[in-house]
file model.txt (compact mmCIF, C-alpha atoms)
# COMPACT_ATOMS: atom_id res chain seq x y z
CA MET A 1 105.07 142.18 167.49
CA SER A 2 103.48 138.75 167.05
CA LEU A 3 101.98 137.23 163.93
CA PRO A 4 98.86 135.04 163.73
CA LEU A 5 99.40 131.34 163.30
CA ALA A 6 96.78 130.63 160.66
CA GLY A 7 98.33 129.31 157.48
CA SER A 8 101.86 129.35 158.86
CA PRO A 9 104.21 126.39 159.26
CA PHE A 10 103.96 126.87 163.03
CA ALA A 11 100.46 125.41 162.87
CA SER A 12 101.89 122.03 161.91
CA ARG A 13 99.72 119.30 163.33
CA GLY A 14 102.53 116.78 163.19
CA GLY A 15 104.92 119.11 165.02
CA PHE A 16 102.49 119.61 167.89
CA GLU A 17 101.65 115.93 168.25
CA GLY A 18 105.33 115.05 167.94
CA HIS A 19 105.90 116.91 171.22
CA LEU A 20 102.60 116.12 172.95
CA TYR A 21 102.55 112.31 172.81
CA PRO A 22 106.21 111.70 173.76
CA GLY A 23 105.80 114.28 176.52
CA LEU A 24 102.78 112.47 177.93
CA SER A 25 104.68 109.17 177.81
CA PHE A 26 107.66 110.58 179.73
CA PHE A 27 105.44 112.40 182.23
CA PHE A 28 103.25 109.42 183.09
CA TYR A 29 106.24 107.11 183.37
CA GLY A 30 107.80 109.57 185.82
CA LEU A 31 104.50 109.68 187.72
CA TYR A 32 104.42 105.87 187.87
CA HIS A 33 108.00 105.73 189.11
CA ALA A 34 107.34 108.43 191.73
CA GLN A 35 104.53 106.45 193.33
CA LEU A 36 106.65 103.29 193.16
CA VAL A 37 109.55 104.95 194.99
CA PHE A 38 107.34 106.54 197.65
CA ARG A 39 105.47 103.29 198.26
CA ALA A 40 108.78 101.48 198.63
CA SER A 41 110.03 104.05 201.14
CA LEU A 42 106.86 103.94 203.23
CA CYS A 43 106.50 100.14 203.14
CA SER A 44 110.23 99.44 203.67
CA TYR A 45 110.97 97.27 200.66
CA PRO A 46 113.76 97.77 198.09
CA VAL A 47 113.02 100.48 195.55
CA GLN A 48 113.72 98.40 192.48
CA HIS A 49 111.84 95.28 193.55
CA LEU A 50 108.13 95.43 192.98
CA PRO A 51 106.03 94.14 195.89
CA CYS A 52 105.05 90.50 195.53
CA ARG A 53 101.45 90.01 194.55
CA PRO A 54 99.38 87.45 196.41
CA ARG A 55 98.99 84.30 194.42
CA SER A 56 95.45 83.37 193.57
CA GLN A 57 93.77 80.39 192.00
CA GLY A 58 91.56 80.37 188.97
CA ARG A 59 91.50 81.23 185.30
CA TRP A 60 93.06 84.68 185.68
CA ALA A 61 95.75 83.72 188.19
CA ARG A 62 98.57 83.94 185.65
CA LEU A 63 97.47 87.35 184.38
CA GLN A 64 97.47 88.70 187.92
CA GLN A 65 101.14 87.78 188.24
CA ILE A 66 102.21 89.76 185.13
CA TYR A 67 103.83 93.16 185.50
CA TYR A 68 102.59 95.38 182.72
CA ILE A 69 104.95 98.37 182.74
CA GLY A 70 107.14 96.81 180.04
CA LEU A 71 104.11 96.07 177.87
CA VAL A 72 102.95 99.67 178.30
CA LYS A 73 106.36 100.89 177.13
CA ILE A 74 106.18 98.67 174.05
CA LEU A 75 102.65 99.83 173.24
CA SER A 76 103.62 103.49 173.74
CA ALA A 77 106.62 103.12 171.43
CA CYS A 78 104.50 101.49 168.72
CA LEU A 79 101.87 104.25 168.95
CA LEU A 80 104.56 106.95 168.77
CA VAL A 81 106.09 105.31 165.69
CA ALA A 82 102.66 105.08 164.05
CA GLN A 83 101.97 108.75 164.83
CA GLU A 84 105.34 109.78 163.39
CA MET A 85 104.83 107.80 160.20
CA HIS A 86 101.28 109.16 159.81
CA ASN A 87 102.52 112.76 159.74
CA ILE A 88 105.23 112.21 157.11
CA GLN A 89 104.30 113.60 153.72
CA GLY A 90 105.50 111.63 150.71
CA GLN A 91 107.77 108.62 150.56
CA PHE A 92 109.70 107.96 153.75
CA VAL A 93 113.28 107.21 152.74
CA LEU A 94 116.68 107.72 154.31
CA ILE A 95 118.65 109.00 151.29
CA SER A 96 117.36 110.71 148.16
CA LYS A 97 118.48 109.47 144.73
CA ILE A 98 117.99 112.48 142.49
CA TYR A 99 120.44 112.38 139.60
CA HIS A 100 123.93 112.04 141.09
CA GLN A 101 123.07 113.63 144.44
CA ARG A 102 122.70 111.69 147.64
CA ASN A 103 121.05 113.70 150.42
CA PHE A 104 119.82 112.55 153.80
CA LEU A 105 116.09 113.19 154.24
CA TYR A 106 113.74 113.47 157.21
CA HIS A 107 116.59 113.83 159.68
CA LYS A 108 114.34 114.88 162.57
CA GLN A 109 111.89 112.08 161.89
CA TRP A 110 114.74 109.56 161.93
CA GLN A 111 115.89 111.05 165.24
CA HIS A 112 112.40 110.60 166.69
CA LEU A 113 112.19 107.00 165.45
CA THR A 114 115.60 106.21 166.96
CA LEU A 115 114.37 107.44 170.34
CA TYR A 116 111.14 105.43 170.06
CA VAL A 117 113.07 102.28 169.19
CA SER A 118 115.13 102.73 172.37
CA VAL A 119 111.88 102.96 174.38
CA PHE A 120 110.63 99.80 172.64
CA LEU A 121 113.83 97.92 173.52
CA SER A 122 113.62 99.11 177.12
CA GLY A 123 110.06 97.76 177.28
CA CYS A 124 111.19 94.41 175.89
CA VAL A 125 113.93 94.21 178.52
CA ASP A 126 111.41 95.00 181.27
CA VAL A 127 109.05 92.28 180.07
CA VAL A 128 111.83 89.68 179.96
CA SER A 129 113.30 90.68 183.32
CA GLN A 130 110.04 91.03 185.26
CA ASN A 131 108.00 88.19 183.75
CA LEU A 132 110.21 85.63 182.03
CA LEU A 133 113.49 85.30 183.92
CA PRO A 134 113.56 83.07 187.02
CA GLN A 135 114.89 86.04 189.00
CA ARG A 136 114.37 89.68 188.11
CA CYS A 137 117.54 91.39 186.78
CA THR A 138 117.24 95.06 187.72
CA ALA A 139 120.73 95.81 186.39
CA LEU A 140 119.55 94.80 182.93
CA GLU A 141 116.50 97.09 183.18
CA HIS A 142 118.61 100.03 184.37
CA GLY A 143 121.12 99.44 181.62
CA ALA A 144 118.38 99.54 178.97
CA GLN A 145 117.01 102.79 180.43
CA ALA A 146 120.50 104.29 180.57
CA LEU A 147 121.10 103.33 176.94
CA GLY A 148 117.88 105.10 175.95
CA THR A 149 118.86 108.35 177.68
CA PHE A 150 122.40 108.11 176.27
CA LEU A 151 120.77 108.07 172.82
CA PHE A 152 118.30 110.82 173.74
CA LEU A 153 121.02 113.28 174.78
CA PRO A 154 123.07 113.41 171.53
CA LEU A 155 119.84 113.34 169.53
CA MET A 156 118.72 116.47 171.38
CA VAL A 157 122.05 118.20 170.74
CA SER A 158 121.76 117.36 167.03
CA HIS A 159 118.11 118.44 167.05
CA MET A 160 119.17 122.00 167.90
CA GLN A 161 121.48 122.44 164.90
CA ASP A 162 118.95 124.29 162.73
CA SER A 163 117.08 125.99 165.60
CA GLU A 164 117.25 129.61 166.70
CA GLY A 165 115.58 132.07 168.99
CA VAL A 166 112.70 130.75 171.07
CA GLU A 167 112.90 127.23 169.64
CA LEU A 168 116.62 127.02 170.44
CA GLN A 169 116.08 128.21 174.01
CA CYS A 170 113.26 125.68 174.52
CA HIS A 171 115.44 122.81 173.36
CA ILE A 172 118.47 123.96 175.39
CA LEU A 173 116.35 123.78 178.53
CA LEU A 174 115.01 120.37 177.46
CA THR A 175 118.57 119.14 176.87
CA GLN A 176 119.47 120.30 180.38
CA ALA A 177 116.63 118.21 181.83
CA VAL A 178 117.62 115.18 179.72
CA PHE A 179 121.25 115.51 180.83
CA LEU A 180 120.27 115.48 184.52
CA LEU A 181 117.93 112.55 183.85
CA THR A 182 120.82 110.68 182.24
CA LEU A 183 123.02 111.29 185.28
CA ALA A 184 120.30 110.04 187.65
CA ILE A 185 119.64 106.87 185.62
CA THR A 186 123.37 106.16 185.21
CA ALA A 187 123.95 106.55 188.95
CA GLU A 188 121.02 104.20 189.60
CA VAL A 189 122.79 101.47 187.65
CA TRP A 190 125.47 101.40 190.36
CA ALA A 191 123.19 102.16 193.34
CA PRO A 192 119.81 100.65 192.42
CA ASN A 193 118.23 100.77 195.89
CA MET A 194 118.91 104.39 196.82
CA PRO A 195 115.51 106.10 197.13
CA GLN A 196 117.09 109.50 196.54
CA LEU A 197 118.13 108.48 193.03
CA GLY A 198 114.69 107.04 192.38
CA VAL A 199 113.07 110.32 193.41
CA MET A 200 115.44 112.32 191.19
CA LYS A 201 114.79 110.01 188.24
CA ALA A 202 111.03 110.37 188.59
CA PHE A 203 111.44 114.14 189.02
CA PHE A 204 113.47 114.58 185.83
CA TYR A 205 111.23 112.21 183.85
CA MET A 206 108.23 114.38 184.70
CA ILE A 207 110.10 117.62 183.96
CA THR A 208 111.20 116.25 180.57
CA GLY A 209 107.64 115.17 179.76
CA SER A 210 105.90 118.35 180.91
CA TRP A 211 108.42 120.58 179.13
CA LEU A 212 108.08 118.58 175.90
CA ILE A 213 104.33 119.21 176.04
CA GLN A 214 104.94 122.89 176.73
CA ILE A 215 107.30 123.14 173.76
CA GLY A 216 104.54 121.81 171.55
CA PHE A 217 102.22 124.60 172.70
CA ILE A 218 104.90 127.31 172.48
CA LEU A 219 106.08 126.44 168.98
CA HIS A 220 102.92 125.13 167.35
CA ARG A 221 99.78 126.01 169.31
CA PRO A 222 100.34 129.00 171.59
CA ILE A 223 97.28 129.79 173.67
CA SER A 224 97.22 133.40 172.44
CA GLY A 225 97.05 132.28 168.79
CA TYR A 226 100.19 134.27 167.95
CA GLU A 227 103.61 132.77 167.40
CA TRP A 228 106.52 133.64 169.67
CA MET A 229 108.91 136.02 167.88
CA ASP A 230 112.59 135.06 167.76
CA ASP A 231 113.75 138.70 167.56
CA ASP A 232 112.05 139.62 170.85
CA LYS A 233 114.42 138.98 173.78
CA ASN A 234 111.51 139.20 176.20
CA ASN A 235 110.08 136.01 174.69
CA ILE A 236 113.37 134.15 175.17
CA ILE A 237 113.68 135.38 178.76
CA PHE A 238 110.13 134.37 179.58
CA VAL A 239 110.71 130.86 178.16
CA THR A 240 113.40 130.35 180.80
CA THR A 241 111.09 131.71 183.51
CA PHE A 242 108.34 129.38 182.31
CA PHE A 243 110.71 126.42 182.55
CA CYS A 244 111.48 127.35 186.18
CA TRP A 245 107.74 127.36 186.86
CA HIS A 246 107.58 123.83 185.47
CA VAL A 247 110.38 122.71 187.79
CA THR A 248 108.62 124.24 190.79
CA SER A 249 105.26 122.74 189.81
CA ILE A 250 106.75 119.24 189.44
CA ALA A 251 108.44 119.58 192.85
CA ILE A 252 105.08 120.53 194.42
CA LEU A 253 103.44 117.57 192.65
CA MET A 254 106.10 115.21 194.05
CA ILE A 255 105.46 116.51 197.56
CA TRP A 256 101.72 116.03 197.07
CA ILE A 257 102.20 112.44 195.86
CA TYR A 258 104.36 111.61 198.86
CA GLY A 259 101.83 113.21 201.22
CA PHE A 260 98.99 111.23 199.65
CA PHE A 261 100.74 107.88 200.07
CA PHE A 262 101.90 108.79 203.57
CA LEU A 263 98.33 109.49 204.67
CA TRP A 264 97.04 106.43 202.79
CA TYR A 265 99.43 103.96 204.42
CA ARG A 266 99.39 105.67 207.81
CA TYR A 267 95.64 106.05 208.34
CA ILE A 268 93.75 104.09 205.67
CA ALA A 269 95.57 101.03 204.32
call {"tool": "encode", "arguments": {"input": "model.txt", "output": "structure tokens"}}
result
Amino acid sequence: MSLPLAGSPFASRGGFEGHLYPGLSFFFYGLYHAQLVFRASLCSYPVQHLPCRPRSQGRWARLQQIYYIGLVKILSACLLVAQEMHNIQGQFVLISKIYHQRNFLYHKQWQHLTLYVSVFLSGCVDVVSQNLLPQRCTALEHGAQALGTFLFLPLMVSHMQDSEGVELQCHILLTQAVFLLTLAITAEVWAPNMPQLGVMKAFFYMITGSWLIQIGFILHRPISGYEWMDDDKNNIIFVTTFFCWHVTSIAILMIWIYGFFFLWYRYIA
């Protein structure tokens, strides 16, 4: 039996947005990387080297030479930090100082902020490598991305410590996606121009993002208006089935993206 969400902690606005916005960031970055990999494969240039833009003259010539993906990462990280801080009630501190007790506070919020800082640093590395260095250093960019996922994985494992039932199953499946993403990004450090690794990285980025969004709806804003019950095994089983649907949907989306660019470059461009 399900219970209505009104007035319950499951209706937490901050909890829903804390899954929605990071999920959108991961998903759209995976979407960006998917089109980049497919364009590289169809146009026969290295995966990790962006196509050279034609140089133009005029006032906006310098702006046309800037690659903005690093700036977008930095902006996304700043917005995520602002959203996280906005939803914290009371004074945001690391350790409480009540009498002689010293307790760590806001452990999940600190985990989120740690992840966002890693995204911010990755964006800074991208900006320096793509726009400031005389020659782009893809190894540096891959290393920053790998560092971020290496942080994400233990944070996810720690995040599950006080979870149970449906929430635990959701985060186990998310941890599985993050683990595979970490493997793909780590392998890309050593083989940066393998399109297969680029496709897998984009695939797992989009799965991680879409499933994060889905977790927000399952735990905080289910479409039915009733929370998922932890004591109902059918709910836990269906969460796994739902995750498999996400994987299949992302695979279909990847095929569609490749088909679009194939037709574009074959018959239009």
call {"tool": "residues_around", "arguments": {"input": "model.txt", "residues": "A:Tyr67", "least_positions_apart": "4", "cutoff": "8 Å", "atoms": "all atoms listed in the file", "output": "list in words"}}
result
Val127, Gln130 and Asn131 of chain A
call {"tool": "closest_atom_pairs", "arguments": {"input": "model.txt", "of": "stretch 86-201 of chain A", "to": "stretch 250-258 of chain A", "cutoff": "12 Å", "atoms": "all atoms listed in the file", "output": "Markdown table"}}
result
| residue | atom | partner | partner_atom | distance |
| --- | --- | --- | --- | --- |
| A:Gly198 | CA | A:Met254 | CA | 12.0 |
| A:Val199 | CA | A:Met254 | CA | 8.5 |
| A:Met200 | CA | A:Met254 | CA | 10.2 |
| A:Lys201 | CA | A:Met254 | CA | 11.7 |
call {"tool": "closest_residue", "arguments": {"input": "model.txt", "among": "A:Ser224, A:Ser25, A:Gln169, A:Ser210", "to": "A:Val247", "atoms": "all atoms listed in the file"}}
result
A:Ser210
call {"tool": "closest_residue", "arguments": {"input": "model.txt", "among": "A:Ile237, A:Ile213, A:Leu140, A:Leu71", "to": "A:Gly18", "atoms": "all atoms listed in the file"}}
result
A:Ile213
call {"tool": "closest_residue", "arguments": {"input": "model.txt", "among": "A:Ala82, A:Ile207, A:Ala177, A:Ile69", "to": "A:Ser249", "atoms": "only C-alpha atoms"}}
result
A:Ile207
call {"tool": "atom_distance", "arguments": {"input": "model.txt", "atom1": "atom CA of A:Ser122", "atom2": "atom CA of A:Ala144"}}
result
5.1 Å
call {"tool": "atom_distance", "arguments": {"input": "model.txt", "atom1": "atom CA of A:His246", "atom2": "atom CA of A:Gly216"}}
result
14.4 Å
